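Undergrad: Shown below is the structure under consideration.
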Number of protein chains: 2
Amino acid sequence: MVRLNEIREGELAVPLPARQDAGLYFIGTIRTPWTDRLECPRQGRLDGPTCRIDVASPWDRGLEGIEAFEQLEVLYWLNESRRDLMKQSPRNDGEARGVFSLRTPVRPNPIGTSIVRLVKVDGPVLHVKGLDCLDGTPLIDLKPDRTLFNPLAPAQAGDFQVGDEA
Amino acid sequence: MVRLNEIREGELAVPLPARQDAGLYFIGTIRTPWTDRLECPRQGRLDGPTCRIDVASPWDRGLEGIEAFEQLEVLYWLNESRRDLMKQSPRNDGEARGVFSLRTPVRPNPIGTSIVRLVKVDGPVLHVKGLDCLDGTPLIDLKPDRTLFNPLAPAQAGDFQVGDEA
């Protein structure tokens with residue numbers, strides 16, 4: 001069962017700070033077939049249903065050239081998630097693990113990341129496969145998949161730096 | 001040359017909204033050998049220098065179990081980046097491309113993502129390889145690498161849903 005807002009046996013909640021440290025702009029909206037948290041996939045699949053990413057103005061001016069990449073990294077804001085559970089019990093069986101050893105949507109900064117396959121670009125709308133989020137999820141970033149991207153800018157000293165330890 | 005704050009030939013800046021839509025907590029600090037943007041690698045390397053991720057209290061309570069993963073996904077806040085450049089010229093040669101077709105730190109929501117190799121966990125401190133950010137960069141999330149993680153929670157209907165199109 002997907003979490004709604006309960007705290008389960010073995011879980012640990014912490015008080016959240018009063019102040020936040022940085023702010024996000026929602027730059028678009030993700031449209032998927034899933035309108036209920038009880039149906040959403042746990043993980044997207046690249047052969048899943050085609051979903052839409054609607055990029056809002058003026059951010060759509062940043063899409064030029066994106067069609068060159070077969071796969072993209074998508075960042076989105078899991079706006080229905082609580083943020084205070086440092087230990088969680090995904091199976092609801094009394095066994096709990098730290099949030100950072102899970103890919104749960106419930107996290108201090110509820111940012112989801114997916115690798116998607118780009119099917120089509122239609123103006124400010126991207127058609128993609130591989131998402132796992134609810135319909136209406138706010139978009140926060142799009143990047144070329146790291147494995148397909150070579151920096152255009154010239155390399156710097158750090159690019160050649162190798163560690164001397166294991 | 002790395003960007004400091006200039007706007008280059010061919011680039012497009014847009015006015016930023018007055019309001020932000022969501023807030024982030026900084027949950028720790030990343031310590032790297034790079035204190036100058038002119039030295040930072042363009043992309044991290046898994047055989048690079050060992051860097052430190054200091055997870056702050058109370059967020060360190062969420063680290064339990066993280067040592068099981070050889071690779072982690074790290075999200076951080078590129079706090080020195082301007083956010084308004086929808087078209088950018090990485091080579092500063094008059095040719096510009098959309099921000100979402102680049103992995104530049106200059107983006108509407110300046111979130112960097114890296115895949116790192118976990119070398120050691122020492123209480124609230126992780127030792128990792130593969131980072132590319134400046135010393136002092138604020139941490140916003142840690143997740144197991146998606147390729148190493150299987151959801152613990154039971155699958156839902158969406159996990160079995162396959163698309164009928166290309």
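Chain labels A, B, ... are given in the sequence in which chains occur in the structure tokens; within each chain residues are numbered consecutively from 1, and ligands are likewise numbered from 1 in the order shown.
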As a PyMOL selection string, please: every residue in stretch 19-153 of chain B that a backbone DSSP assignment puts in strand (DSSP E or B).
TA: chain B and resi 22-24+28-31+51-55+71-77+85-88+97-98+111-122+125-129+137-144
Undergrad: Go ahead and write the residues just picked, C-alpha atoms, as an mmCIF file, in the first residue's frame.
TA:
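As a result, again_29.cif now contains:
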```cif
data_model
loop_
_atom_site.group_PDB
_atom_site.id
_atom_site.type_symbol
_atom_site.label_atom_id
_atom_site.label_comp_id
_atom_site.auth_asym_id
_atom_site.auth_seq_id
_atom_site.Cartn_x
_atom_site.Cartn_y
_atom_site.Cartn_z
ATOM 1 C CA ALA B 22 8.331 25.619 -3.080
ATOM 2 C CA GLY B 23 11.149 25.723 -0.546
ATOM 3 C CA LEU B 24 14.200 23.564 0.067
ATOM 4 C CA GLY B 28 24.288 19.185 4.778
ATOM 5 C CA THR B 29 27.428 20.470 3.116
ATOM 6 C CA ILE B 30 29.647 19.014 0.404
ATOM 7 C CA ARG B 31 33.414 19.314 0.876
ATOM 8 C CA CYS B 51 35.168 14.168 -1.350
ATOM 9 C CA ARG B 52 33.105 14.471 1.817
ATOM 10 C CA ILE B 53 29.397 14.861 2.306
ATOM 11 C CA ASP B 54 28.618 16.139 5.817
ATOM 12 C CA VAL B 55 24.985 15.438 6.637
ATOM 13 C CA GLN B 71 26.669 4.087 -5.762
ATOM 14 C CA LEU B 72 24.459 6.975 -4.748
ATOM 15 C CA GLU B 73 22.649 9.760 -6.513
ATOM 16 C CA VAL B 74 23.475 13.144 -4.930
ATOM 17 C CA LEU B 75 21.428 16.323 -5.384
ATOM 18 C CA TYR B 76 22.910 19.692 -4.463
ATOM 19 C CA TRP B 77 22.141 23.373 -4.768
ATOM 20 C CA LEU B 85 19.474 32.333 -18.912
ATOM 21 C CA MET B 86 17.170 30.309 -21.188
ATOM 22 C CA LYS B 87 19.740 30.240 -23.993
ATOM 23 C CA GLN B 88 23.422 29.848 -23.261
ATOM 24 C CA ARG B 97 21.486 26.532 -27.055
ATOM 25 C CA GLY B 98 18.551 26.050 -24.727
ATOM 26 C CA ILE B 111 20.104 21.672 -8.857
ATOM 27 C CA GLY B 112 23.104 19.523 -9.702
ATOM 28 C CA THR B 113 22.853 15.737 -9.765
ATOM 29 C CA SER B 114 25.801 13.333 -9.643
ATOM 30 C CA ILE B 115 26.262 9.613 -9.410
ATOM 31 C CA VAL B 116 28.995 8.924 -6.847
ATOM 32 C CA ARG B 117 30.819 5.882 -5.544
ATOM 33 C CA LEU B 118 30.437 5.454 -1.784
ATOM 34 C CA VAL B 119 33.894 4.833 -0.283
ATOM 35 C CA LYS B 120 33.087 4.962 3.447
ATOM 36 C CA VAL B 121 30.409 6.006 5.924
ATOM 37 C CA ASP B 122 31.733 7.603 9.107
ATOM 38 C CA VAL B 125 29.967 11.892 7.044
ATOM 39 C CA LEU B 126 30.055 10.096 3.695
ATOM 40 C CA HIS B 127 33.297 9.752 1.740
ATOM 41 C CA VAL B 128 32.559 9.571 -1.987
ATOM 42 C CA LYS B 129 34.125 9.850 -5.434
ATOM 43 C CA THR B 137 27.968 23.400 -1.873
ATOM 44 C CA PRO B 138 24.689 22.787 0.019
ATOM 45 C CA LEU B 139 23.351 19.219 -0.046
ATOM 46 C CA ILE B 140 19.671 18.678 -0.795
ATOM 47 C CA ASP B 141 19.195 14.919 -1.251
ATOM 48 C CA LEU B 142 20.825 11.479 -1.335
ATOM 49 C CA LYS B 143 19.254 8.402 -2.952
ATOM 50 C CA PRO B 144 20.469 4.928 -3.863
#
```
Undergrad: Could you write out as a PyMOL selection string the residues of chain B within 6 Å of chain A, counting only C-alpha atoms?
TA: chain B and resi 20-25+39-41+47-49+61-66+86-87+90-91+97-101+103+109+142-144+152-153+156-159+161-163
Undergrad: Take the residues from that selection and put them in a file with N, CA and C atoms, as a tab-separated table (two decimals), in the first residue's frame.
TA:
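Okay, this is what ended up in part.tsv:
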```tsv
chain	number	residue	atom	x	y	z
B	20	GLN	N	8.29	32.40	-5.52
B	20	GLN	CA	8.77	31.04	-5.70
B	20	GLN	C	7.68	30.08	-5.23
B	21	ASP	N	7.76	28.85	-5.75
B	21	ASP	CA	6.63	27.93	-5.57
B	21	ASP	C	6.83	26.88	-4.49
B	22	ALA	N	8.07	26.62	-4.11
B	22	ALA	CA	8.33	25.62	-3.08
B	22	ALA	C	9.68	25.93	-2.46
B	23	GLY	N	9.91	25.41	-1.27
B	23	GLY	CA	11.15	25.72	-0.55
B	23	GLY	C	11.96	24.48	-0.25
B	24	LEU	N	13.28	24.66	-0.22
B	24	LEU	CA	14.20	23.56	0.07
B	24	LEU	C	14.85	23.76	1.43
B	25	TYR	N	15.14	22.64	2.09
B	25	TYR	CA	16.03	22.65	3.25
B	25	TYR	C	17.42	22.23	2.79
B	39	GLU	N	38.42	26.06	-11.53
B	39	GLU	CA	39.14	24.78	-11.39
B	39	GLU	C	38.22	23.57	-11.38
B	40	CYS	N	36.97	23.81	-10.99
B	40	CYS	CA	35.99	22.73	-10.85
B	40	CYS	C	35.91	21.86	-12.10
B	41	PRO	N	35.82	20.55	-11.95
B	41	PRO	CA	35.61	19.73	-13.15
B	41	PRO	C	34.25	20.04	-13.78
B	47	ASP	N	36.85	7.92	-10.56
B	47	ASP	CA	38.22	7.72	-10.08
B	47	ASP	C	38.84	9.05	-9.64
B	48	GLY	N	38.01	10.04	-9.38
B	48	GLY	CA	38.51	11.35	-8.96
B	48	GLY	C	38.85	11.37	-7.47
B	49	PRO	N	39.19	12.55	-6.96
B	49	PRO	CA	39.53	12.67	-5.55
B	49	PRO	C	38.36	12.31	-4.64
B	61	ARG	N	19.83	11.28	10.81
B	61	ARG	CA	19.05	10.13	11.24
B	61	ARG	C	18.52	9.31	10.07
B	62	GLY	N	18.55	9.90	8.90
B	62	GLY	CA	18.04	9.22	7.70
B	62	GLY	C	19.09	8.41	6.96
B	63	LEU	N	20.32	8.31	7.53
B	63	LEU	CA	21.40	7.63	6.80
B	63	LEU	C	21.42	6.11	6.99
B	64	GLU	N	20.68	5.62	7.97
B	64	GLU	CA	20.75	4.19	8.29
B	64	GLU	C	20.46	3.31	7.06
B	65	GLY	N	21.37	2.43	6.76
B	65	GLY	CA	21.18	1.51	5.64
B	65	GLY	C	21.85	1.97	4.35
B	66	ILE	N	22.36	3.20	4.33
B	66	ILE	CA	22.92	3.74	3.08
B	66	ILE	C	24.20	3.01	2.68
B	86	MET	N	17.85	31.39	-20.47
B	86	MET	CA	17.17	30.31	-21.19
B	86	MET	C	17.98	29.83	-22.39
B	87	LYS	N	18.80	30.68	-22.96
B	87	LYS	CA	19.74	30.24	-23.99
B	87	LYS	C	21.15	30.60	-23.55
B	90	PRO	N	27.92	27.94	-24.20
B	90	PRO	CA	28.97	27.34	-23.37
B	90	PRO	C	30.38	27.63	-23.86
B	91	ARG	N	30.53	27.79	-25.18
B	91	ARG	CA	31.88	28.05	-25.71
B	91	ARG	C	32.14	29.55	-25.88
B	97	ARG	N	22.44	27.64	-27.11
B	97	ARG	CA	21.49	26.53	-27.06
B	97	ARG	C	20.61	26.66	-25.83
B	98	GLY	N	19.46	26.01	-25.86
B	98	GLY	CA	18.55	26.05	-24.73
B	98	GLY	C	19.18	25.43	-23.49
B	99	VAL	N	18.87	26.00	-22.34
B	99	VAL	CA	19.43	25.52	-21.07
B	99	VAL	C	19.11	24.05	-20.82
B	100	PHE	N	17.93	23.57	-21.30
B	100	PHE	CA	17.54	22.19	-20.99
B	100	PHE	C	18.22	21.16	-21.91
B	101	SER	N	19.01	21.67	-22.85
B	101	SER	CA	19.83	20.76	-23.65
B	101	SER	C	21.28	20.79	-23.17
B	103	ARG	N	23.91	20.57	-19.44
B	103	ARG	CA	24.00	20.25	-18.01
B	103	ARG	C	24.74	21.37	-17.26
B	109	ASN	N	16.17	26.28	-11.85
B	109	ASN	CA	16.34	25.69	-10.52
B	109	ASN	C	17.72	25.03	-10.51
B	142	LEU	N	20.02	12.68	-1.06
B	142	LEU	CA	20.82	11.48	-1.34
B	142	LEU	C	19.84	10.35	-1.60
B	143	LYS	N	20.10	9.56	-2.65
B	143	LYS	CA	19.25	8.40	-2.95
B	143	LYS	C	20.16	7.27	-3.42
B	144	PRO	N	19.73	6.02	-3.22
B	144	PRO	CA	20.47	4.93	-3.86
B	144	PRO	C	20.43	5.12	-5.39
B	152	LEU	N	11.19	-1.73	-2.00
B	152	LEU	CA	10.82	-2.68	-0.96
B	152	LEU	C	9.30	-2.80	-0.87
B	153	ALA	N	8.62	-1.69	-1.13
B	153	ALA	CA	7.16	-1.69	-1.02
B	153	ALA	C	6.57	-2.52	-2.16
B	156	GLN	N	2.54	-1.71	-7.55
B	156	GLN	CA	1.16	-1.25	-7.75
B	156	GLN	C	0.80	-1.40	-9.23
B	157	ALA	N	-0.48	-1.16	-9.53
B	157	ALA	CA	-0.97	-1.37	-10.89
B	157	ALA	C	-0.07	-0.73	-11.95
B	158	GLY	N	0.35	0.51	-11.73
B	158	GLY	CA	1.15	1.23	-12.71
B	158	GLY	C	2.46	0.54	-13.06
B	159	ASP	N	2.98	-0.28	-12.15
B	159	ASP	CA	4.25	-0.95	-12.42
B	159	ASP	C	4.15	-1.95	-13.56
B	161	GLN	N	2.08	-1.49	-16.24
B	161	GLN	CA	1.46	-0.82	-17.37
B	161	GLN	C	2.49	-0.55	-18.47
B	162	VAL	N	2.20	-1.07	-19.66
B	162	VAL	CA	3.10	-0.93	-20.79
B	162	VAL	C	2.41	-0.07	-21.84
B	163	GLY	N	3.18	0.77	-22.56
B	163	GLY	CA	2.60	1.64	-23.58
B	163	GLY	C	2.32	0.87	-24.86
```
Undergrad: What is the distance between atom CA of A:Pro105 and atom CA of A:Thr147, in Å to one decimal?
TA: 24.5 Å
Undergrad: Mind pulling up the distance from atom CA of A:Gly136 to atom CA of A:Ile7?
TA: 25.2 Å
Undergrad: Please return as a PyMOL selection string: the residues of chain B that backbone DSSP assigns to helix (DSSP H, G or I).
TA: chain B and resi 59-63+66-68+99-101+146-148+157-160
Undergrad: How many Å separate atom CA of A:Arg82 from atom CA of A:Glu6?
TA: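 Taking atom CA of A:Arg82 as the start and atom CA of A:Glu6 as the end point, the length is 9.5 Å.
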Undergrad: Of the residues A:Glu70, A:Glu80, A:Glu11, A:Asp93, which is the one nearest to A:Val106, using only C-alpha atoms?
TA: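 Counting only C-alpha atoms, the residue closest to A:Val106 is A:Glu80.
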